[in-house]
$ cat my_file_15.csv   # CSV, C-alpha atoms
chain,number,residue,atom,x,y,z
T,120,MET,CA,8.7,-8.4,-8.1
T,121,GLU,CA,11.9,-8.2,-10.0
T,122,VAL,CA,14.6,-5.6,-9.4
T,123,LYS,CA,17.5,-4.8,-11.8
T,124,ILE,CA,20.1,-2.1,-11.0
T,125,LEU,CA,21.8,-0.6,-14.1
T,126,ASP,CA,24.4,2.0,-14.7
T,127,GLN,CA,23.1,4.2,-17.5
T,128,ASN,CA,24.5,7.6,-18.5
T,129,GLY,CA,26.0,8.3,-15.1
T,130,GLU,CA,22.8,7.3,-13.3
T,131,LYS,CA,22.0,4.3,-11.1
T,132,VAL,CA,18.7,3.1,-12.6
T,133,VAL,CA,16.6,0.7,-10.5
T,134,VAL,CA,14.2,-1.0,-12.8
T,135,ILE,CA,11.3,-2.3,-10.8
T,136,GLU,CA,8.9,-4.9,-12.3
T,137,GLY,CA,5.7,-6.3,-10.8
T,138,ARG,CA,4.3,-5.5,-7.3
T,139,VAL,CA,5.8,-3.6,-4.5
T,140,ASP,CA,3.7,-4.6,-1.5
T,141,THR,CA,4.1,-5.6,2.2
T,142,VAL,CA,5.5,-8.9,1.0
T,143,THR,CA,8.1,-7.7,-1.5
T,144,ALA,CA,9.1,-4.2,-0.1
T,145,SER,CA,11.8,-5.5,2.2
T,146,ASP,CA,13.6,-7.1,-0.8
T,147,LEU,CA,13.5,-3.8,-2.7
T,148,GLU,CA,14.7,-1.9,0.3
T,149,MET,CA,17.6,-4.3,0.9
T,150,LYS,CA,18.8,-3.9,-2.7
T,151,VAL,CA,18.4,-0.2,-2.9
T,152,SER,CA,19.9,0.6,0.5
T,153,GLN,CA,23.2,-0.9,-0.7
T,154,ILE,CA,23.6,2.1,-3.1
T,155,TRP,CA,21.5,5.0,-1.7
T,156,SER,CA,24.3,6.2,0.6
T,157,THR,CA,26.8,6.7,-2.3
T,158,PRO,CA,27.7,10.4,-2.3
T,159,ALA,CA,26.3,12.6,-5.1
T,160,ILE,CA,24.6,9.8,-6.9
T,161,THR,CA,21.7,10.2,-9.3
T,162,LEU,CA,19.3,7.4,-8.3
T,163,VAL,CA,16.4,6.7,-10.6
T,164,PHE,CA,13.5,4.4,-9.9
T,165,ASP,CA,12.2,3.3,-13.4
T,166,CYS,CA,8.6,2.4,-12.8
T,167,GLU,CA,7.5,1.5,-16.3
T,168,LYS,CA,6.9,-2.1,-15.4
T,169,LEU,CA,5.8,-1.4,-11.8
T,170,GLU,CA,2.2,-2.7,-11.6
T,171,TYR,CA,1.3,-1.9,-8.0
T,172,LEU,CA,2.7,0.1,-5.1
T,173,SER,CA,1.4,0.1,-1.5
T,174,SER,CA,2.4,2.3,1.4
T,175,SER,CA,5.4,0.0,2.1
T,176,GLY,CA,6.7,1.0,-1.3
T,177,LEU,CA,6.0,4.7,-0.6
T,178,ARG,CA,8.1,4.4,2.5
T,179,ILE,CA,11.1,3.2,0.5
T,180,ILE,CA,10.6,6.0,-2.1
T,181,LEU,CA,10.7,8.6,0.7
T,182,SER,CA,13.7,6.9,2.4
T,183,ALA,CA,15.6,6.8,-0.9
T,184,HIS,CA,14.9,10.5,-1.6
T,185,LYS,CA,16.0,11.5,1.9
T,186,GLN,CA,19.2,9.3,1.8
T,187,VAL,CA,20.3,10.5,-1.6
T,188,THR,CA,19.6,14.2,-1.2
T,189,ALA,CA,21.3,14.2,2.2
T,190,LYS,CA,24.5,13.1,0.4
T,191,GLY,CA,24.2,15.8,-2.3
T,192,GLY,CA,22.7,13.5,-4.9
T,193,LYS,CA,19.5,13.5,-6.9
T,194,PHE,CA,16.5,11.1,-6.7
T,195,ILE,CA,14.2,10.7,-9.7
T,196,LEU,CA,11.0,8.7,-10.2
T,197,ARG,CA,10.6,7.8,-13.9
T,198,ASN,CA,7.8,6.3,-16.1
T,199,LEU,CA,5.0,6.1,-13.6
T,200,SER,CA,1.8,4.4,-14.7
T,201,ARG,CA,-1.5,6.4,-14.3
T,202,GLU,CA,-2.5,4.3,-11.2
T,203,VAL,CA,0.9,4.6,-9.5
T,204,ARG,CA,1.0,8.3,-10.3
T,205,SER,CA,-2.4,8.8,-8.6
T,206,VAL,CA,-1.1,7.2,-5.4
T,207,ILE,CA,2.0,9.5,-5.5
T,208,ASP,CA,-0.3,12.5,-6.1
T,209,LEU,CA,-2.7,11.5,-3.3
T,210,THR,CA,0.1,11.3,-0.7
T,211,GLY,CA,1.5,14.7,-1.7
T,212,PHE,CA,4.8,13.1,-2.9
T,213,SER,CA,4.5,14.7,-6.3
T,214,ARG,CA,5.2,18.0,-4.6
T,215,ILE,CA,8.4,16.9,-3.0
T,216,LEU,CA,9.9,14.5,-5.5
T,217,THR,CA,11.3,14.8,-9.0
T,218,ILE,CA,9.1,12.9,-11.4
T,219,GLU,CA,9.9,12.5,-15.1
P,111,MET,CA,-23.3,-10.4,-4.1
P,112,GLU,CA,-21.2,-11.5,-1.1
P,113,LYS,CA,-17.7,-12.9,-1.1
P,114,ARG,CA,-15.7,-14.2,1.8
P,115,LEU,CA,-12.0,-14.8,2.5
P,116,VAL,CA,-10.3,-16.2,5.6
P,117,LEU,CA,-6.6,-15.3,6.0
P,118,LYS,CA,-4.0,-16.4,8.4
P,119,ASN,CA,-1.9,-13.8,10.2
P,120,GLU,CA,1.1,-14.3,7.9
P,121,ILE,CA,2.5,-11.7,5.6
P,122,SER,CA,2.5,-14.1,2.6
P,123,GLU,CA,-1.3,-14.0,2.8
P,124,ILE,CA,-1.2,-10.6,1.2
P,125,ASN,CA,-0.8,-12.5,-2.1
P,126,ARG,CA,-4.2,-14.3,-1.5
P,127,LEU,CA,-5.8,-11.0,-0.6
P,128,ALA,CA,-4.6,-9.5,-3.9
P,129,MET,CA,-6.1,-12.4,-5.8
P,130,PHE,CA,-9.4,-12.0,-3.9
P,131,ILE,CA,-9.6,-8.3,-4.9
P,132,GLU,CA,-8.7,-9.1,-8.5
P,133,GLU,CA,-11.5,-11.8,-8.7
P,134,LEU,CA,-13.9,-9.3,-7.1
P,135,GLY,CA,-13.0,-6.7,-9.7
P,136,GLU,CA,-13.6,-9.2,-12.5
P,137,GLU,CA,-16.9,-10.4,-11.0
P,138,LEU,CA,-18.2,-6.9,-10.5
P,139,ASN,CA,-16.6,-5.5,-13.7
P,140,LEU,CA,-14.9,-2.8,-11.7
P,141,ALA,CA,-12.6,-0.2,-13.4
P,142,PRO,CA,-8.8,-1.1,-13.1
P,143,ASP,CA,-8.2,2.2,-11.2
P,144,LEU,CA,-10.7,1.2,-8.6
P,145,VAL,CA,-9.3,-2.4,-8.3
P,146,PHE,CA,-5.9,-0.9,-7.8
P,147,ASN,CA,-7.2,1.4,-5.0
P,148,LEU,CA,-9.2,-1.3,-3.3
P,149,ASN,CA,-6.1,-3.5,-3.3
P,150,LEU,CA,-4.2,-0.7,-1.7
P,151,VAL,CA,-6.8,0.0,1.0
P,152,LEU,CA,-7.3,-3.7,1.9
P,153,GLU,CA,-3.6,-4.4,2.0
P,154,GLU,CA,-3.1,-1.5,4.4
P,155,ALA,CA,-5.9,-2.7,6.7
P,156,VAL,CA,-5.0,-6.4,6.6
P,157,SER,CA,-1.2,-5.9,6.9
P,158,ASN,CA,-1.8,-3.8,10.0
P,159,VAL,CA,-3.7,-6.7,11.6
P,160,ILE,CA,-1.1,-9.3,10.4
P,161,LEU,CA,1.8,-7.2,11.8
P,162,TYR,CA,0.4,-5.7,15.0
P,163,ALA,CA,-2.8,-7.4,16.2
P,164,TYR,CA,-1.4,-10.7,17.6
P,165,PRO,CA,1.7,-11.8,19.5
P,166,LYS,CA,4.4,-13.2,17.1
P,167,GLU,CA,4.1,-17.0,16.4
P,168,GLU,CA,0.4,-17.0,17.5
P,169,HIS,CA,-1.7,-18.4,14.7
P,170,GLN,CA,-5.0,-16.7,14.2
P,171,GLU,CA,-7.5,-16.0,11.5
P,172,ILE,CA,-8.6,-12.8,9.9
P,173,HIS,CA,-12.0,-12.6,8.2
P,174,LEU,CA,-12.9,-10.4,5.3
P,175,THR,CA,-16.3,-10.1,3.7
P,176,ALA,CA,-17.0,-8.1,0.6
P,177,LYS,CA,-20.6,-7.2,-0.2
P,178,LYS,CA,-22.2,-5.3,-2.9
P,179,SER,CA,-25.7,-3.9,-2.5
P,180,ASP,CA,-27.1,-1.3,-4.8
P,181,LYS,CA,-24.3,1.1,-5.5
P,182,ASN,CA,-22.3,0.4,-2.4
P,183,LEU,CA,-19.4,-1.9,-2.0
P,184,ILE,CA,-18.8,-2.7,1.7
P,185,PHE,CA,-15.8,-4.6,3.2
P,186,VAL,CA,-15.9,-5.9,6.7
P,187,LEU,CA,-12.6,-6.9,8.2
P,188,THR,CA,-12.7,-8.8,11.5
P,189,ASP,CA,-9.9,-10.0,13.8
P,190,SER,CA,-9.8,-11.1,17.4
P,191,GLY,CA,-6.4,-9.4,18.1
P,192,LYS,CA,-5.7,-6.6,20.5
P,193,GLU,CA,-8.0,-3.6,20.3
P,194,PHE,CA,-7.0,-1.1,17.6
P,195,ASP,CA,-9.1,1.7,16.2
P,196,PRO,CA,-7.4,2.9,13.0
P,197,THR,CA,-10.0,5.7,12.7
P,198,GLN,CA,-8.3,7.4,15.8
P,199,ALA,CA,-4.9,7.5,14.1
P,200,PRO,CA,-3.7,11.0,13.2
P,201,ASP,CA,-3.7,11.9,9.6
P,202,ALA,CA,-0.4,12.2,7.8
P,203,ASP,CA,0.5,15.9,7.1
P,204,ILE,CA,1.1,15.9,3.4
P,205,THR,CA,2.1,19.5,3.3
P,206,LEU,CA,5.5,19.0,5.0
P,207,SER,CA,8.8,19.1,3.1
P,208,ALA,CA,10.5,15.9,2.2
P,209,GLU,CA,13.0,16.4,5.0
P,210,GLU,CA,10.3,17.0,7.6
P,211,ARG,CA,8.0,14.1,6.5
P,212,PRO,CA,8.2,11.0,8.7
P,213,ILE,CA,8.8,7.7,7.0
P,214,GLY,CA,5.5,5.8,7.2
P,215,GLY,CA,2.1,6.7,8.6
P,216,LEU,CA,0.5,6.7,5.1
P,217,GLY,CA,-1.5,3.5,5.3
P,218,ILE,CA,-4.4,4.9,7.3
P,219,PHE,CA,-4.2,8.1,5.4
P,220,LEU,CA,-4.7,6.2,2.1
P,221,ILE,CA,-7.6,4.3,3.5
P,222,ARG,CA,-9.4,7.5,4.5
P,223,GLN,CA,-8.6,9.2,1.2
P,224,ILE,CA,-9.8,6.4,-1.0
P,225,MET,CA,-12.9,5.1,0.9
P,226,ASP,CA,-16.2,6.9,1.5
P,227,LYS,CA,-16.9,5.2,4.8
P,228,VAL,CA,-14.4,4.0,7.5
P,229,GLU,CA,-16.0,2.8,10.7
P,230,TYR,CA,-14.5,0.9,13.6
P,231,GLN,CA,-16.3,-1.1,16.3
P,232,ARG,CA,-15.1,-3.4,19.1
P,233,ILE,CA,-17.7,-6.2,19.3
P,234,ASP,CA,-17.3,-9.3,21.6
P,235,GLY,CA,-13.6,-8.9,21.9
P,236,LYS,CA,-13.2,-8.4,18.1
P,237,ASN,CA,-12.0,-5.6,16.0
P,238,VAL,CA,-14.6,-4.9,13.2
P,239,LEU,CA,-13.5,-2.5,10.5
P,240,THR,CA,-16.1,-1.5,7.9
P,241,LEU,CA,-14.9,0.1,4.7
P,242,GLY,CA,-17.4,1.4,2.2
P,243,LYS,CA,-17.0,2.7,-1.4
P,244,GLN,CA,-19.7,4.1,-3.5
P,245,LEU,CA,-19.7,2.8,-7.0
P,246,ASP,CA,-20.4,5.1,-10.0
P,247,GLU,CA,-22.5,3.2,-12.4
$ encode --input "my_file_15.csv" --output "structure tokens"
Amino acid sequence: MEVKILDQNGEKVVVIEGRVDTVTASDLEMKVSQIWSTPAITLVFDCEKLEYLSSSGLRIILSAHKQVTAKGGKFILRNLSREVRSVIDLTGFSRILTIE
Amino acid sequence: MEKRLVLKNEISEINRLAMFIEELGEELNLAPDLVFNLNLVLEEAVSNVILYAYPKEEHQEIHLTAKKSDKNLIFVLTDSGKEFDPTQAPDADITLSAEERPIGGLGIFLIRQIMDKVEYQRIDGKNVLTLGKQLDE
């Protein structure tokens, strides 16, 4: 898994590439947790190159959403593949998250 | 068709599990969506064993068998760790708001949602988890 954090048009965009699983999730959490408590941030997970996501990744997504919205910010999931979208749908996350 | 994998109780073994599922998908010509979901299910089941079944630093083996017969794909996961019946775990409530939803608890839920059969047995001091999926052919 590769993670890049970019500043784009006033958003913090986390570009995630590869697999987010039990092995790699802690690395993603460590990187994202450094920015998710910034007040009123727009935090975007760009998932165009995300190949796989297990429940360890879902935990980070929910944590990110909770952290960001608690500080008056916005959390967005962007460019989900069909497979990743289906996991997000299955867990009911699509009803509580902003997906673009 | 039967395929076996022996894993150590180390988190890095999830990579070998993923390769095993990819190979199985190629051998059985399974749809990419199904391979993705099987990967998800087996990772949840195996990581539970790796993380919780044994005391830390105790080296143990986890056995996985995949068998296809007729239109059924059956996985049997066996470990000799402490007794744990995942079928007794409560389902995640996916109707809660984001604020109310607990972080975690989705692994078992995903297994139940994706698989057609989830059975647990404790046999001779071993946890035996059987996961079945019917194949549309």
$ atom_distance --input "my_file_15.csv" --atom1 "atom CA of T:Ser145" --atom2 "atom CA of P:Ala163"
20.3 Å
$ atom_distance --input "my_file_15.csv" --atom1 "atom CA of P:Leu115" --atom2 "atom CA of T:Val142"
18.5 Å
$ residues_near_point --input "my_file_15.csv" --point "(-23.5, -7.8, -3.1)" --cutoff "12 Å" --atoms "all atoms listed in the file" --output "list in words"
Met111, Glu112, Lys113, Arg114, Leu134, Glu137, Leu138, Thr175, Ala176, Lys177, Lys178, Ser179, Asp180, Lys181, Asn182, Leu183, Ile184, Phe185 and Leu245 of chain P
$ residues_around --input "my_file_15.csv" --residues "P:Val151" --least-positions-apart "6" --cutoff "9 Å" --atoms "only C-alpha atoms" --output "PyMOL selection string"
(chain T and resi 173) or (chain P and resi 217-218+220-222+224-225+241)
$ residues_around --input "my_file_15.csv" --residues "T:Lys190" --least-positions-apart "3" --cutoff "12 Å" --atoms "only C-alpha atoms" --output "list in words"
Ile154, Trp155, Ser156, Thr157, Pro158, Ala159, Ile160, Thr161, Leu162, Ala183, His184, Lys185, Gln186, Val187, Lys193 and Phe194 of chain T
$ write_last_selection --input "my_file_15.csv" --atoms "C-alpha atoms" --output "JSON list (two decimals), in the frame of the given file"
[["chain", "number", "residue", "atom", "x", "y", "z"],
["T", 154, "ILE", "CA", 23.60, 2.10, -3.10],
["T", 155, "TRP", "CA", 21.50, 5.00, -1.70],
["T", 156, "SER", "CA", 24.30, 6.20, 0.60],
["T", 157, "THR", "CA", 26.80, 6.70, -2.30],
["T", 158, "PRO", "CA", 27.70, 10.40, -2.30],
["T", 159, "ALA", "CA", 26.30, 12.60, -5.10],
["T", 160, "ILE", "CA", 24.60, 9.80, -6.90],
["T", 161, "THR", "CA", 21.70, 10.20, -9.30],
["T", 162, "LEU", "CA", 19.30, 7.40, -8.30],
["T", 183, "ALA", "CA", 15.60, 6.80, -0.90],
["T", 184, "HIS", "CA", 14.90, 10.50, -1.60],
["T", 185, "LYS", "CA", 16.00, 11.50, 1.90],
["T", 186, "GLN", "CA", 19.20, 9.30, 1.80],
["T", 187, "VAL", "CA", 20.30, 10.50, -1.60],
["T", 193, "LYS", "CA", 19.50, 13.50, -6.90],
["T", 194, "PHE", "CA", 16.50, 11.10, -6.70]]
$ interface_residues --input "my_file_15.csv" --of "chain P" --to "chain T" --cutoff "9 Å" --atoms "only C-alpha atoms" --output "ChimeraX atom specification"
/P:121-125,142-143,146-147,149-151,153-154,157,202-209,211-217,219-220,223
$ atom_distance --input "my_file_15.csv" --atom1 "atom CA of T:Ile195" --atom2 "atom CA of T:Thr217"
5.1 Å
$ closest_residue --input "my_file_15.csv" --among "P:Leu152, P:Gly191, P:Pro196, P:Val159" --to "P:Arg126" --atoms "all atoms listed in the file"
P:Leu152
$ residues_around --input "my_file_15.csv" --residues "stretch 118-120 of chain P" --least-positions-apart "2" --cutoff "7 Å" --atoms "all atoms listed in the file" --output "count of residues only"
8
$ residues_around --input "my_file_15.csv" --residues "T:Arg197" --least-positions-apart "2" --cutoff "9 Å" --atoms "all atoms listed in the file" --output "list in words"
Val163, Phe164, Asp165, Cys166, Glu167, Ile195, Leu199, Thr217, Ile218 and Glu219 of chain T
$ residues_around --input "my_file_15.csv" --residues "stretch 122-129 of chain T" --least-positions-apart "6" --cutoff "8 Å" --atoms "all atoms listed in the file" --output "JSON, numbers by chain"
{"T": [135, 136, 147, 161]}
$ closest_residue --input "my_file_15.csv" --among "T:Met120, T:Val151, T:Val139, T:Leu196" --to "T:Ser213" --atoms "only C-alpha atoms"
T:Leu196
